[in-house]
file target_20.txt (compact mmCIF, C-alpha atoms and all ligand atoms)
# COMPACT_ATOMS: atom_id res chain seq x y z
CA MET A 20 41.34 36.79 4.00
CA SER A 21 41.72 35.46 0.45
CA ASP A 22 38.77 35.97 -1.89
CA GLU A 23 36.07 33.51 -2.97
CA PHE A 24 37.83 32.21 -6.08
CA SER A 25 41.28 31.75 -4.61
CA ARG A 26 39.67 29.93 -1.66
CA ILE A 27 37.85 27.54 -4.00
CA ALA A 28 41.05 26.85 -5.94
CA LYS A 29 43.23 26.45 -2.85
CA TYR A 30 41.03 24.58 -0.37
CA PHE A 31 38.20 22.90 -2.27
CA ALA A 32 39.45 22.01 -5.77
CA PRO A 33 41.94 19.47 -4.33
CA LEU A 34 38.98 17.68 -2.71
CA ALA A 35 36.91 17.43 -5.89
CA GLY A 36 36.27 14.26 -7.87
CA GLU A 37 36.27 14.36 -11.65
CA GLU A 38 32.48 14.85 -11.56
CA GLY A 39 33.26 18.28 -10.10
CA ARG A 40 35.33 19.25 -13.17
CA GLY A 41 38.08 20.78 -11.06
CA LEU A 42 35.47 23.18 -9.61
CA THR A 43 35.92 25.33 -12.72
CA ASP A 44 32.52 24.77 -14.37
CA ASP A 45 28.92 25.81 -13.64
CA ALA A 46 27.84 22.43 -12.27
CA ALA A 47 28.94 18.87 -11.71
CA VAL A 48 28.09 15.97 -14.02
CA LEU A 49 27.40 12.64 -12.35
CA ALA A 50 26.85 9.28 -14.01
CA PRO A 51 24.85 7.21 -11.49
CA PRO A 52 26.29 3.75 -10.92
CA PRO A 53 24.62 1.47 -13.50
CA GLY A 54 21.29 0.06 -12.37
CA ARG A 55 21.21 1.98 -9.09
CA GLU A 56 18.87 4.64 -7.71
CA LEU A 57 20.27 7.88 -6.32
CA VAL A 58 19.50 8.96 -2.75
CA LEU A 59 19.81 12.68 -1.92
CA THR A 60 19.89 14.40 1.46
CA VAL A 61 20.90 17.80 2.86
CA ASP A 62 21.48 19.06 6.41
CA GLN A 63 22.88 22.38 7.56
CA MET A 64 25.27 23.32 10.35
CA LEU A 65 25.00 26.83 11.76
CA GLU A 66 27.24 28.50 14.31
CA ASP A 67 25.48 28.81 17.69
CA VAL A 68 22.76 26.36 16.58
CA HIS A 69 24.72 23.23 15.68
CA PHE A 70 28.21 24.11 16.91
CA LEU A 71 29.85 26.57 19.28
CA PRO A 72 31.96 29.54 18.23
CA GLY A 73 35.60 28.48 18.48
CA ASP A 74 34.94 24.77 17.84
CA ASP A 75 37.72 23.05 15.87
CA PRO A 76 36.97 23.64 12.15
CA ALA A 77 38.17 20.15 11.19
CA LEU A 78 35.61 18.61 13.56
CA ILE A 79 32.87 20.96 12.31
CA ALA A 80 33.62 19.79 8.75
CA ARG A 81 33.55 16.14 9.73
CA LYS A 82 30.32 16.45 11.71
CA LEU A 83 28.75 18.26 8.75
CA LEU A 84 29.52 15.28 6.53
CA ARG A 85 28.63 12.72 9.19
CA ARG A 86 25.21 14.22 9.98
CA ASN A 87 24.37 13.72 6.32
CA LEU A 88 26.07 10.34 6.03
CA SER A 89 23.81 9.26 8.89
CA ASP A 90 20.74 10.09 6.79
CA LEU A 91 22.16 7.98 3.96
CA ALA A 92 22.70 5.18 6.51
CA ALA A 93 19.05 5.46 7.55
CA MET A 94 18.09 4.99 3.90
CA GLY A 95 20.42 2.00 3.48
CA ALA A 96 22.37 3.95 0.85
CA VAL A 97 26.03 3.77 -0.16
CA PRO A 98 27.59 7.29 -0.15
CA LEU A 99 29.08 8.66 -3.38
CA GLY A 100 29.86 12.31 -2.80
CA TYR A 101 28.58 15.71 -1.82
CA LEU A 102 27.91 19.34 -2.61
CA LEU A 103 29.09 21.91 -0.07
CA THR A 104 27.76 25.39 0.65
CA ILE A 105 29.51 27.79 2.98
CA ALA A 106 28.81 31.37 4.05
CA LEU A 107 31.62 32.87 6.14
CA PRO A 108 31.71 36.16 8.02
CA ASP A 109 34.64 38.54 7.35
CA GLY A 110 37.12 37.64 10.12
CA VAL A 111 37.22 33.89 9.42
CA GLY A 112 40.84 33.36 8.43
CA GLU A 113 43.04 31.01 6.47
CA ASP A 114 43.66 28.84 9.53
CA TRP A 115 39.97 28.10 9.82
CA LEU A 116 39.68 27.21 6.12
CA ALA A 117 42.79 25.06 6.24
CA GLY A 118 41.45 23.13 9.24
CA PHE A 119 37.98 22.85 7.69
CA SER A 120 39.28 21.48 4.38
CA GLN A 121 41.61 19.06 6.20
CA GLY A 122 38.59 17.74 8.12
CA LEU A 123 36.70 17.24 4.86
CA ALA A 124 39.69 15.46 3.31
CA ARG A 125 40.00 13.12 6.28
CA ASP A 126 36.37 12.00 6.21
CA GLN A 127 36.33 11.82 2.40
CA LYS A 128 38.97 9.10 2.76
CA ILE A 129 37.24 7.30 5.63
CA PHE A 130 33.83 7.20 3.92
CA ASN A 131 35.07 7.00 0.32
CA ILE A 132 33.25 10.12 -0.89
CA LYS A 133 34.21 12.97 -3.21
CA LEU A 134 33.36 16.64 -3.42
CA PHE A 135 31.19 17.36 -6.47
CA GLY A 136 30.84 21.15 -6.10
CA GLY A 137 29.09 23.74 -4.02
CA ASP A 138 28.62 27.42 -3.41
CA SER A 139 30.53 30.06 -1.45
CA SER A 140 29.07 33.22 -0.02
CA SER A 141 29.80 35.82 2.60
CA SER A 142 27.78 36.08 5.80
CA ARG A 143 26.93 39.31 7.63
CA GLY A 144 26.48 37.22 10.78
CA LYS A 145 27.72 33.80 11.76
CA ILE A 146 29.19 30.79 9.96
CA SER A 147 26.61 28.90 7.91
CA LEU A 148 27.35 25.53 6.29
CA SER A 149 25.46 22.83 4.48
CA ALA A 150 26.30 19.58 2.74
CA THR A 151 24.15 17.73 0.22
CA LEU A 152 25.09 14.07 0.22
CA ILE A 153 24.40 11.81 -2.73
CA GLY A 154 24.33 8.05 -2.38
CA HIS A 155 22.90 5.05 -4.17
CA VAL A 156 20.84 1.93 -3.50
CA ALA A 157 19.56 -1.06 -5.46
CA PRO A 158 16.24 -0.14 -7.12
CA GLY A 159 13.43 -0.31 -4.58
CA ALA A 160 15.81 -1.21 -1.74
CA ALA A 161 15.92 2.20 -0.01
CA LEU A 162 14.80 1.85 3.61
CA SER A 163 11.88 3.95 4.84
CA ARG A 164 11.19 5.50 8.24
CA ASN A 165 7.48 4.77 7.72
CA GLY A 166 7.37 0.98 7.27
CA ALA A 167 7.05 -0.30 10.87
CA ARG A 168 4.39 -2.95 11.53
CA ALA A 169 2.57 -3.82 14.75
CA GLY A 170 4.61 -6.43 16.62
CA ASP A 171 7.96 -5.24 15.22
CA GLY A 172 10.67 -4.83 17.82
CA ILE A 173 12.24 -1.40 18.32
CA TRP A 174 16.01 -1.69 18.15
CA VAL A 175 18.74 0.93 18.41
CA SER A 176 22.43 0.88 17.48
CA GLY A 177 25.31 1.94 19.73
CA THR A 178 24.56 4.01 22.82
CA ILE A 179 22.09 6.88 23.18
CA GLY A 180 22.55 10.21 24.94
CA ASP A 181 26.33 10.60 24.85
CA ALA A 182 26.33 13.61 22.51
CA ALA A 183 23.59 15.49 24.37
CA LEU A 184 25.47 15.01 27.64
CA GLY A 185 28.69 15.91 25.81
CA LEU A 186 27.20 19.24 24.80
CA GLN A 187 26.32 19.86 28.47
CA ALA A 188 29.95 19.06 29.33
CA ARG A 189 31.22 21.47 26.67
CA LEU A 190 28.98 24.16 28.15
CA GLY A 191 30.57 23.52 31.57
CA ARG A 192 27.40 22.05 33.07
CA LEU A 193 28.60 18.45 33.48
CA ALA A 194 31.86 16.71 34.33
CA ASP A 195 33.32 14.55 31.56
CA PRO A 196 36.59 13.30 33.02
CA SER A 197 37.31 10.81 30.21
CA GLY A 198 36.33 13.25 27.41
CA PHE A 199 34.21 10.47 25.88
CA LEU A 200 30.92 12.41 25.94
CA THR A 201 32.57 15.51 24.47
CA ALA A 202 34.08 13.41 21.68
CA ARG A 203 30.68 11.86 20.88
CA SER A 204 29.19 15.35 20.64
CA LEU A 205 31.92 16.64 18.31
CA LEU A 206 32.38 13.59 16.10
CA PRO A 207 29.41 11.24 15.62
CA GLU A 208 29.83 7.81 14.01
CA PRO A 209 27.34 7.44 11.14
CA ARG A 210 26.26 3.80 10.79
CA VAL A 211 26.78 3.51 7.04
CA GLY A 212 27.47 0.26 5.25
CA LEU A 213 25.05 -2.09 7.04
CA ALA A 214 23.08 -4.51 4.84
CA LEU A 215 19.69 -3.83 6.43
CA ALA A 216 17.41 -4.23 3.38
CA GLY A 217 15.16 -7.26 3.91
CA VAL A 218 16.03 -7.35 7.63
CA VAL A 219 14.32 -4.24 8.99
CA SER A 220 10.89 -2.91 8.10
CA ALA A 221 11.78 0.72 8.92
CA ALA A 222 14.79 2.83 9.82
CA ILE A 223 15.49 6.40 10.94
CA ASP A 224 18.62 8.03 12.31
CA VAL A 225 18.40 9.72 15.71
CA SER A 226 19.24 13.38 15.15
CA ASP A 227 16.61 15.31 17.13
CA GLY A 228 16.22 12.90 20.06
CA LEU A 229 15.22 9.26 20.50
CA VAL A 230 11.66 9.98 21.64
CA GLN A 231 10.94 12.51 18.89
CA ASP A 232 12.50 10.45 16.09
CA LEU A 233 10.65 7.35 17.28
CA GLY A 234 7.52 9.52 17.12
CA HIS A 235 8.19 10.11 13.40
CA MET A 236 8.33 6.33 12.85
CA CYS A 237 5.05 5.89 14.74
CA LYS A 238 3.27 8.65 12.84
CA GLY A 239 4.50 7.34 9.51
CA ALA A 240 3.24 3.83 10.28
CA GLY A 241 0.02 4.79 12.11
CA LEU A 242 1.26 2.94 15.21
CA SER A 243 2.35 3.56 18.80
CA ALA A 244 5.66 2.63 20.39
CA VAL A 245 6.29 1.33 23.89
CA ILE A 246 9.89 1.44 25.08
CA ARG A 247 11.54 0.88 28.45
CA ALA A 248 13.93 3.67 29.44
CA GLY A 249 16.06 1.16 31.34
CA LEU A 250 16.71 -0.84 28.16
CA VAL A 251 18.02 2.13 26.15
CA PRO A 252 21.75 1.41 25.77
CA VAL A 253 23.96 3.73 27.80
CA SER A 254 27.74 4.18 27.70
CA ALA A 255 29.76 3.93 30.91
CA ALA A 256 30.53 7.66 30.72
CA ALA A 257 26.84 8.56 30.31
CA ALA A 258 25.81 6.18 33.10
CA ALA A 259 28.09 8.12 35.45
CA ALA A 260 25.90 11.19 34.84
CA SER A 261 22.96 9.59 36.63
CA GLY A 262 19.65 11.12 37.72
CA GLU A 263 16.27 11.97 36.19
CA ALA A 264 17.55 15.06 34.35
CA ALA A 265 20.38 13.11 32.72
CA LEU A 266 17.94 10.39 31.65
CA GLU A 267 15.64 12.96 30.03
CA THR A 268 18.63 14.58 28.29
CA ARG A 269 19.74 11.20 26.99
CA LEU A 270 16.35 10.23 25.59
CA THR A 271 15.42 13.62 24.11
CA GLY A 272 18.70 15.51 23.57
CA GLY A 273 19.55 14.26 20.07
CA ASP A 274 22.77 14.47 18.03
CA ASP A 275 23.20 10.69 18.46
CA TYR A 276 23.32 9.70 14.77
CA GLU A 277 22.55 6.13 15.80
CA LEU A 278 19.97 4.07 13.90
CA LEU A 279 16.51 3.35 15.26
CA LEU A 280 15.07 0.27 13.58
CA ALA A 281 11.77 -1.60 13.31
CA VAL A 282 12.60 -5.30 13.23
CA PRO A 283 10.02 -8.04 12.60
CA PRO A 284 9.78 -10.85 15.17
CA GLY A 285 12.35 -13.53 14.40
CA GLN A 286 14.73 -11.15 12.60
CA GLY A 287 16.78 -10.16 15.68
CA GLU A 288 19.61 -12.57 14.90
CA ALA A 289 19.71 -11.48 11.25
CA LEU A 290 19.95 -7.88 12.44
CA LYS A 291 22.83 -8.69 14.76
CA ALA A 292 24.60 -10.53 11.96
CA ALA A 293 24.12 -7.54 9.62
CA CYS A 294 25.54 -5.18 12.27
CA GLY A 295 28.66 -7.25 13.02
CA ASP A 296 30.71 -5.51 15.75
CA LEU A 297 28.19 -2.69 16.16
CA PRO A 298 25.97 -3.49 19.16
CA VAL A 299 22.21 -3.32 18.58
CA THR A 300 19.71 -3.42 21.45
CA LYS A 301 15.98 -4.12 21.58
CA ILE A 302 14.27 -1.41 23.62
CA GLY A 303 10.56 -1.97 22.95
CA MET A 304 7.84 -2.74 20.45
CA PHE A 305 5.51 -1.11 17.94
CA GLN A 306 1.82 -1.72 18.49
CA ALA A 307 -1.61 -0.40 17.51
CA GLY A 308 -2.37 3.13 18.65
CA ALA A 309 -0.49 6.41 18.47
CA GLY A 310 2.39 8.14 20.24
CA VAL A 311 5.54 7.12 22.05
CA HIS A 312 5.20 5.65 25.53
CA VAL A 313 8.33 5.51 27.66
CA LEU A 314 8.13 3.31 30.75
CA ASN A 315 10.44 3.60 33.75
CA ASP A 316 11.77 0.63 35.73
CA ALA A 317 8.54 0.53 37.79
CA GLY A 318 6.50 0.26 34.58
CA ALA A 319 5.07 3.79 34.95
CA MET A 320 4.75 6.16 31.98
CA MET A 321 7.42 8.87 31.91
CA GLN A 322 6.65 12.45 30.85
CA PHE A 323 9.20 14.74 29.22
CA THR A 324 9.22 18.51 28.84
CA ARG A 325 9.81 18.00 25.10
CA PRO A 326 10.43 14.87 23.01
CA GLY A 327 13.42 16.32 21.16
CA TRP A 328 15.04 19.21 19.37
CA ARG A 329 12.71 21.45 17.37
CA HIS A 330 13.79 24.60 15.50
CA PHE A 331 11.58 27.62 16.14
N1 LIG B 401 13.13 23.32 3.73
C1 LIG B 401 12.78 22.13 3.26
N2 LIG B 401 12.41 21.96 1.98
C2 LIG B 401 12.07 20.76 1.51
N3 LIG B 401 12.08 19.64 2.23
C3 LIG B 401 12.44 19.73 3.51
C4 LIG B 401 12.82 20.98 4.11
N4 LIG B 401 13.15 20.73 5.39
C5 LIG B 401 12.99 19.42 5.59
N5 LIG B 401 12.57 18.80 4.46
C6 LIG B 401 12.24 17.37 4.27
O1 LIG B 401 11.50 16.94 5.39
C7 LIG B 401 11.84 15.61 5.76
C8 LIG B 401 12.29 15.59 7.22
O2 LIG B 401 13.42 16.44 7.32
P1 LIG B 401 14.29 16.48 8.62
O3 LIG B 401 15.35 17.52 8.40
O4 LIG B 401 13.44 16.59 9.81
O5 LIG B 401 14.95 15.03 8.60
P2 LIG B 401 16.38 14.61 9.08
O6 LIG B 401 17.44 15.27 8.27
O7 LIG B 401 16.35 13.14 9.12
O8 LIG B 401 16.44 15.19 10.54
P3 LIG B 401 17.58 16.21 11.09
O9 LIG B 401 17.48 17.45 10.23
O10 LIG B 401 17.19 16.41 12.50
O11 LIG B 401 18.90 15.51 10.90
C9 LIG B 401 12.92 15.16 4.79
O12 LIG B 401 12.28 14.45 3.75
C10 LIG B 401 13.47 16.47 4.26
O13 LIG B 401 13.98 16.33 2.94
C1 LIG B 402 25.68 24.84 20.06
C2 LIG B 402 24.75 23.67 19.99
N1 LIG B 402 23.52 23.78 20.55
C3 LIG B 402 22.66 22.75 20.46
C4 LIG B 402 22.99 21.59 19.83
C5 LIG B 402 22.03 20.44 19.75
N2 LIG B 402 21.28 20.41 18.49
C6 LIG B 402 21.23 21.44 17.66
S1 LIG B 402 20.29 21.10 16.30
C7 LIG B 402 19.96 19.54 16.85
C8 LIG B 402 19.08 18.58 16.09
C9 LIG B 402 19.59 18.19 14.75
O1 LIG B 402 19.72 19.32 13.89
P1 LIG B 402 18.76 19.58 12.64
O2 LIG B 402 17.35 19.22 13.05
O3 LIG B 402 18.93 21.05 12.32
O4 LIG B 402 19.27 18.72 11.55
C10 LIG B 402 20.57 19.32 18.08
C11 LIG B 402 20.48 18.08 18.86
C12 LIG B 402 24.28 21.53 19.27
N3 LIG B 402 24.68 20.42 18.59
N4 LIG B 402 25.13 22.57 19.36
MG MG B 403 17.37 17.39 8.08
MG MG B 404 17.50 11.69 9.53
MG MG B 405 19.58 14.64 9.24

call {"tool": "encode", "arguments": {"input": "target_20.txt", "output": "structure tokens", "more": "lines below"}}
Ligand SMILES: Nc1ncnc2c1ncn2[C@@H]1O[C@H](COP(=O)(O)OP(=O)(O)OP(=O)(O)O)[C@@H](O)[C@H]1O
Ligand SMILES: Cc1ncc(C[n+]2csc(CCOP(=O)(O)O)c2C)c(N)n1
Ligand SMILES: [Mg+2]
Ligand SMILES: [Mg+2]
Ligand SMILES: [Mg+2]
result
Amino acid sequence: MSDEFSRIAKYFAPLAGEEGRGLTDDAAVLAPPPGRELVLTVDQMLEDVHFLPGDDPALIARKLLRRNLSDLAAMGAVPLGYLLTIALPDGVGEDWLAGFSQGLARDQKIFNIKLFGGDSSSSRGKISLSATLIGHVAPGAALSRNGARAGDGIWVSGTIGDAALGLQARLGRLADPSGFLTARSLLPEPRVGLALAGVVSAAIDVSDGLVQDLGHMCKGAGLSAVIRAGLVPVSAAAAAASGEAALETRLTGGDDYELLLAVPPGQGEALKAACGDLPVTKIGMFQAGAGVHVLNDAGAMMQFTRPGWRHF
């Protein structure tokens, strides 16, 4: 395999914006857009934790960016660019790097972001990646996950549970004849670009699992949430994987990268207008109290083994 510096020059320098100085300096220099605040977020992707050995490197690259773009979406931020860190074990070849950098290039175009810089290291174990995304918002306009108020509706974008079922399919535990669930697991759709400021009182992206991430909103606001499992939007492919276990996987499995929103009464139509073609669905309400209460179709409280993904 080529060495660190030839890899940077060959695969990463062509992706860099001018802030990255051709990836030939000690750091990047970024002029924030005039009158805007910067929003910074970082998420990692580790082999065997976030992706499977042998997964397509282009899709790994794109999911790495998209997991972070989803956090910018949850903040209501416009993406600018990113820093990339990679640690590769010996054995990872040119093909992998070529595919990985092509994946980055593809999503850089789609989301209008540039590479600012990063760090490269060797790993004695598995592949380790992280991206630090930088975005911007109007001063004071960043959304918060902690701003829900009692009486706000709980709304969610898109469909929930596809990626968690898709991972089960990729592990050979579930049939996915259309490939839809697998695709949702490999390539999430971050909901960037929605004008949610002034419409929602809180926002979070669903990464760990709907129930757990809703729990963060509740804790941050000092409130409880009541949702109906039967209202949580489900894709046709996910609906085909019916049963109690599939429902629990959908509500707690994570990797959705959909937005969970607190929406004041009377703002539902404004939310739909802000989301355009992206479907948004009301699944419950915030109220006084603590914790997340999930009701089944009979109105009984559901219990789950765990509310979502938690690293040990
Ligand atoms: N090691 C760390 N050092 C400093 N801050 C951290 C660390 N890990 C998490 N945080 C901070 O804790 C908060 C919650 O992080 P968390 O990673 O759970 O959020 P998330 O990225 O939305 O979720 P996910 O990682 O599941 O996508 C964020 O403000 C994040 O910056
Ligand atoms: C191989 C493999 N096993 C499990 C999962 C599921 N998974 C891993 S971490 C995580 C939460 C978000 O990550 P983090 O909290 O680190 O940001 C989820 C849902 C996967 N995607 N791939
Ligand atoms: Mg995180
Ligand atoms: Mg998040
Ligand atoms: Mg995240």

call {"tool": "closest_residue", "arguments": {"input": "target_20.txt", "among": "A:Glu208, A:Asp316, A:Asp224, A:Asp171", "to": "Met304 of chain A", "atoms": "all atoms listed in the file"}}
result
A:Asp171

call {"tool": "closest_residue", "arguments": {"input": "target_20.txt", "among": "A:Ala202, A:Gln231, A:Gln63, A:Ala92", "to": "Val313 of chain A", "atoms": "only C-alpha atoms"}}
result
A:Gln231

call {"tool": "closest_residue", "arguments": {"input": "target_20.txt", "among": "A:Gly212, A:Gly285, A:Gly172, A:Gly73", "to": "ligand LIG 402 (chain B)", "atoms": "only C-alpha atoms and all ligand atoms"}}
result
A:Gly73

call {"tool": "residues_near_ligand", "arguments": {"input": "target_20.txt", "ligand": "ligand LIG 401 (chain B)", "cutoff": "7 Å", "atoms": "only C-alpha atoms and all ligand atoms", "output": "ChimeraX atom specification"}}
result
/A:60-62,86,90,224,226-227

call {"tool": "closest_residue", "arguments": {"input": "target_20.txt", "among": "A:Ser261, A:Gly308, A:Tyr276, A:Ser142", "to": "Ala194 of chain A", "atoms": "all atoms listed in the file"}}
result
A:Ser261

call {"tool": "residues_near_ligand", "arguments": {"input": "target_20.txt", "ligand": "ligand MG 404 (chain B)", "cutoff": "12 Å", "atoms": "all atoms listed in the file", "output": "ChimeraX atom specification"}}
result
/A:59-62,85-95,162-164,209-210,222-229,231-233,235-236,273-279

call {"tool": "residues_around", "arguments": {"input": "target_20.txt", "residues": "Gly185 of chain A", "least_positions_apart": "4", "cutoff": "7 Å", "atoms": "all atoms listed in the file", "output": "PDB file with C-alpha atoms, keeping the file's coordinate frame"}}
result
ATOM      1  CA  ASP A 181      26.330  10.600  24.850  1.00  0.00           C
ATOM      2  CA  ARG A 189      31.220  21.470  26.670  1.00  0.00           C
ATOM      3  CA  LEU A 200      30.920  12.410  25.940  1.00  0.00           C
ATOM      4  CA  THR A 201      32.570  15.510  24.470  1.00  0.00           C
ATOM      5  CA  ARG A 203      30.680  11.860  20.880  1.00  0.00           C
ATOM      6  CA  SER A 204      29.190  15.350  20.640  1.00  0.00           C
TER       7      SER A 204
END

call {"tool": "residues_around", "arguments": {"input": "target_20.txt", "residues": "Ser21 of chain A", "least_positions_apart": "5", "cutoff": "9 Å", "atoms": "all atoms listed in the file", "output": "PyMOL selection string"}}
result
chain A and resi 26+112-113

call {"tool": "residues_around", "arguments": {"input": "target_20.txt", "residues": "segment 144-153 of chain A", "least_positions_apart": "2", "cutoff": "9 Å", "atoms": "all atoms listed in the file", "output": "number ranges by chain"}}
result
A: 57-67, 72, 80, 83-84, 87-88, 90-91, 96-109, 111, 137, 141-142, 155

call {"tool": "closest_residue", "arguments": {"input": "target_20.txt", "among": "A:Leu205, A:Leu215, A:Arg168, A:Gly180", "to": "Phe305 of chain A", "atoms": "only C-alpha atoms"}}
result
A:Arg168

call {"tool": "closest_residue", "arguments": {"input": "target_20.txt", "among": "A:Ile173, A:Ala160, A:Ile246, A:Leu270", "to": "Val311 of chain A", "atoms": "all atoms listed in the file"}}
result
A:Ile246

call {"tool": "atom_distance", "arguments": {"input": "target_20.txt", "atom1": "atom CA of Ser220 of chain A", "atom2": "atom C6 of ligand LIG 402 (chain B)"}}
result
28.1 Å

call {"tool": "atom_distance", "arguments": {"input": "target_20.txt", "atom1": "atom CA of Val68 of chain A", "atom2": "atom CA of Asn131 of chain A"}}
result
28.1 Å

call {"tool": "atom_distance", "arguments": {"input": "target_20.txt", "atom1": "atom CA of Leu266 of chain A", "atom2": "atom CA of Asn315 of chain A"}}
result
10.3 Å

call {"tool": "axis_aligned_box", "arguments": {"input": "target_20.txt", "around": "segment 28-34 of chain A", "padding_each_side": "4 Å", "output": "AutoDock Vina command-line options"}}
result
--center_x 40.7 --center_y 22.3 --center_z -3.2 --size_x 13.0 --size_y 17.2 --size_z 13.6

call {"tool": "residues_around", "arguments": {"input": "target_20.txt", "residues": "Gln306 of chain A", "least_positions_apart": "2", "cutoff": "7 Å", "atoms": "all atoms listed in the file", "output": "ChimeraX atom specification"}}
result
/A:169-170,242-244,304,308
